[in-house]
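Asks: One structure, as structure tokens, below. Some questions next.
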Amino acid sequence: MDVYPRILSRIWGVPGSHTLAVAEQHGAYNAARKALAMSPAEVTDVVLKSGLRGRGGAGFPTGRKWTFVPPPEKRGGKPVYLLCNADESEPGTFKDRFCMWNDPHQLIEGMIIASHALGVRRAYIYLRGEFEYVQRRLDAALAEAYAKGYLGENIFGTGFSFDLYTHLGAGAYICGEETALISSIEGYKGQPRLKPPFPAVKGVWESPTIVNNVETLAAVPWIIENGWEAYKAIGTEQSPGTKLFSCSGHIMKPGVYEIPLGTPMMDLLNNWCGGLRPGRTLKAIIPGGSSVPVMTPAEVAQANMDYESINKVAGSYLGSGGFIVMDDTTDMVDALTNLLRFYAHESCGQCTPCREGSAWMYNILCRLRDGFATEDDLVALRDLADNIHSRTICFFGASAAMPVQSFVTKFRDEFVARVESARAGLPAGLAVAK
Amino acid sequence: MSHDQKSIHLRDMHGLTVRGPVEWTEEEKAEIAAIVAKYPTQRSAIMPVLWKAQRKWGWLQFEVLKLVAATLSLKPSEVMEVATFYTMFKKEPTGKYLIQACHTLSCALLGADRVIRHIEQKLQLDEHGNSPDGKFTLMRVECLAACGSGPMMQINDDFYELLTEQKVDEILDAMAADRPLPVPRPEVDQWTYTPVS
């Protein structure tokens with residue numbers, strides 16, 4: 001199925017792909033040399049024209065984000081910072097770990113190029129705390145790059161100087177939100193901040209800051225080397241390029257797959273993921289990490305893996321590309337309860353609707369799961385979700401609400417059956433015979 | 001201040017007392033200076049220095065937090081605020097092997113609860129997740145970004161993936177005997193996993 005160019009996973013699986021020697025045999029740092037010979041505006045222009053969109057979840061055009069940094073005369077003497085978001089914590093998502101583990105030099109090169117475009121002299125890679133062993137590998141790669149003069153003073157003799165550091169978090173999902181990540185790297189609790197001001201204007205240490213996902217930055221070298229036309233030729237008009245999908249759940253071949261955006265969802269499921277387990281039927285798929293609305297088999301059959309199609313067909317999102325497949329053995333009440341435990345645990349506690357609401361939604365779901373809920377609980381659950389969505393500083397509130405809204409709507413029968421079995425005094429999960 | 005006052009008592013799970021002065025060595029002070037130099041503000045070094053302290057003393061006793069605060073010219077409350085927000089900073093001691101088993105959706109779909117119950121029974125854990133000999137502590141944690149290779153657990157710094165009861169037995173037996181551990185995470189060098197059973 002290798003009929004499209006592999007961009008991000010190009011050298012994955014090559015023995016020693018994480019070392020500079022092997023990476024260079026496969027062309028690492030050629031794009032950085034090329035980019036450093038271009039003007040910063042030219043580099044930004046190529047990324048803008050390529051149509052590359054942020055791979056962390058929101059899908060915002062990367063080139064446009066870069067243009068939001070104020071020009072030097074409007075920065076008040078402040079430096080510009082680039083932060084790489086490697087806090088990968090969205091349930092169902094594990095692609096960035098593979099990017100950094102298998103090809104750390106691709107990310108470093110992407111950050112050199114982005115920093116040249118943005119005028120950055122110091123950048124940081126913010127890793128989640130559990131990625132300590134990934135940090136060790138990244139630090140080794142950074143040391144190799146420093147030793148060769150690819151980082152530090154006067155890179156490639158161009159006069160461009162750039163320092164890159166890793167920074168380890170310590171177990172907080174919310175730090176994947178860009179303003180929370182900024183709070184965290186400043187040495188505060190990882191709590192999101194109100195926007196505006198947007199980070200591009202006033203971010204870390206009150207300076208203009210660009211936060212990009214690992215996968216986004218890792219795609220930049222290929223785009224520079226092969227040109228924006230080549231990147232734009234892959235994928236769809238509005239969702240160009242390839243994307244890494246982290247596939248997990250009830251499938252025969254879970255793993256990380258790089259496919260062009262716009263690939264039919266059923267192709268991803270059947271061809272790359274190896275299909276469902278023998279004798280099983282599909283019940284639901286969460287297409288973009290646990291925060292996005294769940295999809296039914298009928299929706300799955302019509303959707304393609306790109307930002308527009310998933311939204312049009314199912315009102316869901318491509319998100320981070322965490323593709324969680326659930327077959328007919330899955331109890332949807334249990335599955336949603338599991339997810340809400342996550343959100344109740346990870347709410348940072350700053351905004352009341354989210355802090356209180358996520359815990360209450362989890363409480364109600366536990367009651368439902370254990371067979372003590374009434375119809376009123378279903379109404380309350382929906383009310384809570386509707387009242388959290390869009391009423392918080394960051395997107396976490398919506399992330400906790402969307403699974404509830406979609407599960408309860410699209411799999412209503414299962415939730416109602418739990419209430420009915422509770423009323424009939426039957427053990428949890430036993431349906432009332434019609 | 002007497003040496004005793006400078007010392008803290010680091011209990012391990014046996015109730016044994018480990019005495020050690022709560023201060024940095026000269027070498028560590030130099031390393032901390034290098035960490036601080038990476039950032040424009042001293043405060044940004046809180047998390048790396050807390051990590052360093054946790055590796056040295058095992059967990060973050062209040063005396064250790066005060067030392068970190070003094071090191072970075074901050075108030076103890078400022079360091080406390082950060083240490084208590086992030087779940088990986090230990091506010092109490094754990095066993096030599098801290099097992100963090102994922103129980104979020106993708107792992108749960110593949111039988112994480114079964115594997116975790118197996119760990120609990122095998123190690124005869126008490127209600128706090130500690131084994132009788134204090135060597136192991138189990139925590140159920142949320143997603144660790146290894147969803148394709150679930151069920152999975154992290155023991156100290158390393159990921160162990162594609163767990164089955166037998167695989168858990170092998171790993172924990174080796175740790176119980178302090179034998180060299182099986183090489184962790186061979187799975188991440190490939191990007192598709194073996195079929196689920």
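A note on labels: chains of the structure tokens are A, B, ... as shown, every chain counts residues from 1, and ligands are counted from 1 in their shown order.
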Write down, as a PDB file with N, CA and C atoms, in the first residue's frame, each residue of chain A that has any atom within 7 Å of an atom of chain B, counting only C-alpha atoms.
Replies:
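Output (result_17.pdb):
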```
ATOM      1  N   GLY A  13      11.765   2.507  11.170  1.00  0.00           N
ATOM      2  CA  GLY A  13      12.022   1.094  10.918  1.00  0.00           C
ATOM      3  C   GLY A  13      13.409   0.835  10.360  1.00  0.00           C
ATOM      4  N   GLU A  88       1.757  15.055  24.280  1.00  0.00           N
ATOM      5  CA  GLU A  88       0.779  14.082  23.790  1.00  0.00           C
ATOM      6  C   GLU A  88       0.055  13.308  24.906  1.00  0.00           C
ATOM      7  N   SER A  89      -1.169  13.711  25.202  1.00  0.00           N
ATOM      8  CA  SER A  89      -1.910  13.067  26.295  1.00  0.00           C
ATOM      9  C   SER A  89      -3.333  12.708  25.927  1.00  0.00           C
ATOM     10  N   PRO A  91      -6.296  10.731  25.047  1.00  0.00           N
ATOM     11  CA  PRO A  91      -6.485   9.278  24.963  1.00  0.00           C
ATOM     12  C   PRO A  91      -6.712   8.828  23.524  1.00  0.00           C
ATOM     13  N   GLY A  92      -5.985   7.809  23.132  1.00  0.00           N
ATOM     14  CA  GLY A  92      -6.063   7.304  21.766  1.00  0.00           C
ATOM     15  C   GLY A  92      -4.971   7.820  20.863  1.00  0.00           C
ATOM     16  N   THR A  93      -4.138   8.714  21.361  1.00  0.00           N
ATOM     17  CA  THR A  93      -3.118   9.338  20.514  1.00  0.00           C
ATOM     18  C   THR A  93      -1.719   8.943  20.986  1.00  0.00           C
ATOM     19  N   PHE A  94      -0.918   8.414  20.061  1.00  0.00           N
ATOM     20  CA  PHE A  94       0.464   8.049  20.438  1.00  0.00           C
ATOM     21  C   PHE A  94       1.436   8.246  19.299  1.00  0.00           C
ATOM     22  N   PHE A  98       6.077   8.213  18.535  1.00  0.00           N
ATOM     23  CA  PHE A  98       6.748   7.493  17.458  1.00  0.00           C
ATOM     24  C   PHE A  98       7.628   8.430  16.640  1.00  0.00           C
ATOM     25  N   ASN A 102      11.505   7.475  16.689  1.00  0.00           N
ATOM     26  CA  ASN A 102      12.078   6.902  15.471  1.00  0.00           C
ATOM     27  C   ASN A 102      12.873   7.906  14.650  1.00  0.00           C
ATOM     28  N   GLU A 130       5.732  11.458  31.442  1.00  0.00           N
ATOM     29  CA  GLU A 130       5.932  10.021  31.249  1.00  0.00           C
ATOM     30  C   GLU A 130       6.900   9.728  30.115  1.00  0.00           C
ATOM     31  N   GLU A 132       9.927  10.453  29.791  1.00  0.00           N
ATOM     32  CA  GLU A 132      11.301  10.677  30.236  1.00  0.00           C
ATOM     33  C   GLU A 132      12.279   9.921  29.349  1.00  0.00           C
ATOM     34  N   TYR A 133      11.911   8.692  28.961  1.00  0.00           N
ATOM     35  CA  TYR A 133      12.839   7.906  28.135  1.00  0.00           C
ATOM     36  C   TYR A 133      12.923   8.459  26.715  1.00  0.00           C
ATOM     37  N   LEU A 168      10.630  18.782  30.583  1.00  0.00           N
ATOM     38  CA  LEU A 168       9.775  17.653  30.956  1.00  0.00           C
ATOM     39  C   LEU A 168       8.624  18.108  31.839  1.00  0.00           C
ATOM     40  N   ALA A 170       5.039  16.898  34.077  1.00  0.00           N
ATOM     41  CA  ALA A 170       4.988  15.959  35.203  1.00  0.00           C
ATOM     42  C   ALA A 170       3.577  15.403  35.403  1.00  0.00           C
ATOM     43  N   GLY A 171       2.904  15.101  34.303  1.00  0.00           N
ATOM     44  CA  GLY A 171       1.637  14.420  34.442  1.00  0.00           C
ATOM     45  C   GLY A 171       0.451  15.348  34.564  1.00  0.00           C
ATOM     46  N   ALA A 172       0.140  16.079  33.522  1.00  0.00           N
ATOM     47  CA  ALA A 172      -1.064  16.908  33.521  1.00  0.00           C
ATOM     48  C   ALA A 172      -1.526  17.028  32.073  1.00  0.00           C
ATOM     49  N   ILE A 185       5.637  25.907  31.515  1.00  0.00           N
ATOM     50  CA  ILE A 185       7.070  26.112  31.246  1.00  0.00           C
ATOM     51  C   ILE A 185       7.580  27.351  31.995  1.00  0.00           C
ATOM     52  N   GLU A 186       6.661  28.239  32.337  1.00  0.00           N
ATOM     53  CA  GLU A 186       7.065  29.399  33.144  1.00  0.00           C
ATOM     54  C   GLU A 186       7.233  29.033  34.616  1.00  0.00           C
ATOM     55  N   GLY A 187       6.823  27.799  34.976  1.00  0.00           N
ATOM     56  CA  GLY A 187       7.000  27.354  36.357  1.00  0.00           C
ATOM     57  C   GLY A 187       5.766  27.552  37.216  1.00  0.00           C
ATOM     58  N   TYR A 188       4.619  27.612  36.574  1.00  0.00           N
ATOM     59  CA  TYR A 188       3.356  27.737  37.310  1.00  0.00           C
ATOM     60  C   TYR A 188       2.538  26.462  37.140  1.00  0.00           C
ATOM     61  N   LYS A 189       1.403  26.407  37.864  1.00  0.00           N
ATOM     62  CA  LYS A 189       0.444  25.347  37.621  1.00  0.00           C
ATOM     63  C   LYS A 189       0.035  25.429  36.157  1.00  0.00           C
ATOM     64  N   CYS A 247      -3.930   4.211  15.721  1.00  0.00           N
ATOM     65  CA  CYS A 247      -5.094   3.325  15.670  1.00  0.00           C
ATOM     66  C   CYS A 247      -5.060   2.338  16.818  1.00  0.00           C
ATOM     67  N   SER A 248      -6.152   2.308  17.568  1.00  0.00           N
ATOM     68  CA  SER A 248      -6.189   1.422  18.729  1.00  0.00           C
ATOM     69  C   SER A 248      -7.591   0.876  18.912  1.00  0.00           C
ATOM     70  N   GLY A 249      -7.739  -0.018  19.835  1.00  0.00           N
ATOM     71  CA  GLY A 249      -9.041  -0.605  20.126  1.00  0.00           C
ATOM     72  C   GLY A 249      -9.179  -1.986  19.522  1.00  0.00           C
ATOM     73  N   MET A 252      -7.303  -5.588  14.294  1.00  0.00           N
ATOM     74  CA  MET A 252      -6.305  -6.661  14.204  1.00  0.00           C
ATOM     75  C   MET A 252      -4.878  -6.116  14.236  1.00  0.00           C
ATOM     76  N   LYS A 253      -4.659  -4.946  13.651  1.00  0.00           N
ATOM     77  CA  LYS A 253      -3.295  -4.414  13.601  1.00  0.00           C
ATOM     78  C   LYS A 253      -3.256  -2.980  14.126  1.00  0.00           C
ATOM     79  N   PRO A 254      -3.312  -2.819  15.430  1.00  0.00           N
ATOM     80  CA  PRO A 254      -3.192  -1.461  15.965  1.00  0.00           C
ATOM     81  C   PRO A 254      -1.810  -0.898  15.665  1.00  0.00           C
ATOM     82  N   GLY A 255      -1.710   0.413  15.607  1.00  0.00           N
ATOM     83  CA  GLY A 255      -0.408   1.006  15.336  1.00  0.00           C
ATOM     84  C   GLY A 255      -0.547   2.416  14.806  1.00  0.00           C
ATOM     85  N   VAL A 256       0.582   2.977  14.355  1.00  0.00           N
ATOM     86  CA  VAL A 256       0.575   4.327  13.799  1.00  0.00           C
ATOM     87  C   VAL A 256       0.725   4.218  12.285  1.00  0.00           C
ATOM     88  N   ILE A 324     -10.009   5.378  17.617  1.00  0.00           N
ATOM     89  CA  ILE A 324     -10.332   4.319  18.583  1.00  0.00           C
ATOM     90  C   ILE A 324     -11.533   3.537  18.071  1.00  0.00           C
ATOM     91  N   ALA A 335     -17.968   2.529  28.357  1.00  0.00           N
ATOM     92  CA  ALA A 335     -16.944   3.261  27.611  1.00  0.00           C
ATOM     93  C   ALA A 335     -16.994   4.756  27.957  1.00  0.00           C
ATOM     94  N   ASN A 338     -15.769   5.428  31.471  1.00  0.00           N
ATOM     95  CA  ASN A 338     -14.309   5.392  31.468  1.00  0.00           C
ATOM     96  C   ASN A 338     -13.736   6.737  31.014  1.00  0.00           C
ATOM     97  N   LEU A 339     -14.290   7.280  29.919  1.00  0.00           N
ATOM     98  CA  LEU A 339     -13.781   8.555  29.400  1.00  0.00           C
ATOM     99  C   LEU A 339     -14.024   9.697  30.377  1.00  0.00           C
ATOM    100  N   PHE A 342     -11.624  10.025  33.118  1.00  0.00           N
ATOM    101  CA  PHE A 342     -10.433  10.737  32.645  1.00  0.00           C
ATOM    102  C   PHE A 342     -10.616  12.256  32.748  1.00  0.00           C
TER     103      PHE A 342
END
```
Asks: As a list in words, please: the residues near range 108-113 of chain A (cut-off 7 Å, only C-alpha atoms, same-chain neighbours under 6 positions excluded).
Replies: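 Result of the neighbour search: Tyr29, Ala32, Ala35, Leu217, Ala218, Val220 and Pro221 of chain A.
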Asks: Okay, now the selection with C-alpha atoms, as an mmCIF file, in the first residue's frame?
Replies:
```
data_model
loop_
_atom_site.group_PDB
_atom_site.id
_atom_site.type_symbol
_atom_site.label_atom_id
_atom_site.label_comp_id
_atom_site.auth_asym_id
_atom_site.auth_seq_id
_atom_site.Cartn_x
_atom_site.Cartn_y
_atom_site.Cartn_z
ATOM 1 C CA TYR A 29 19.324 18.552 7.429
ATOM 2 C CA ALA A 32 17.494 23.082 6.891
ATOM 3 C CA ALA A 35 15.754 26.972 4.281
ATOM 4 C CA LEU A 217 7.007 20.661 12.836
ATOM 5 C CA ALA A 218 8.212 17.268 11.600
ATOM 6 C CA VAL A 220 8.151 21.121 7.623
ATOM 7 C CA PRO A 221 11.513 19.762 6.323
#
```
Asks: Could you give me, as a ChimeraX atom specification, the residues within 6 Å of Phe136 in chain B, counting only C-alpha atoms and dropping anything in the same chain fewer than 6 positions from it?
Replies: /B:95,97-98,130
Asks: CA of Tyr257 in chain A and CA of Phe395 in chain A are how many Å apart?
Replies: 26.8 Å
Asks: Env of range 49-63 of chain A: 6 Å cut, atoms = only C-alpha atoms, seq-sep filter 2 positions within chain, self excluded. Answer as a short mmCIF file (atom, residue, chain, number, x, y, z; two decimals) with C-alpha atoms, in the first residue's frame.
Replies:
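What follows is the written file result_10.cif:
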```cif
data_model
loop_
_atom_site.label_atom_id
_atom_site.label_comp_id
_atom_site.auth_asym_id
_atom_site.auth_seq_id
_atom_site.Cartn_x
_atom_site.Cartn_y
_atom_site.Cartn_z
CA THR A 44 6.81 31.10 5.89
CA VAL A 46 6.16 28.01 1.41
CA VAL A 47 4.58 26.62 4.60
CA LYS A 65 -0.29 31.02 12.71
CA TRP A 66 3.31 31.95 11.96
CA ASN A 213 2.67 20.13 17.60
CA GLU A 215 3.90 16.20 13.86
CA THR A 216 3.36 19.67 12.42
CA TRP A 228 4.67 23.36 -1.38
CA TYR A 231 2.73 18.70 -0.49
CA LYS A 232 -0.46 20.28 -1.71
CA PRO A 240 -3.43 18.72 2.13
CA GLY A 319 -8.58 16.11 16.10
CA SER A 320 -5.22 14.56 16.82
#
```
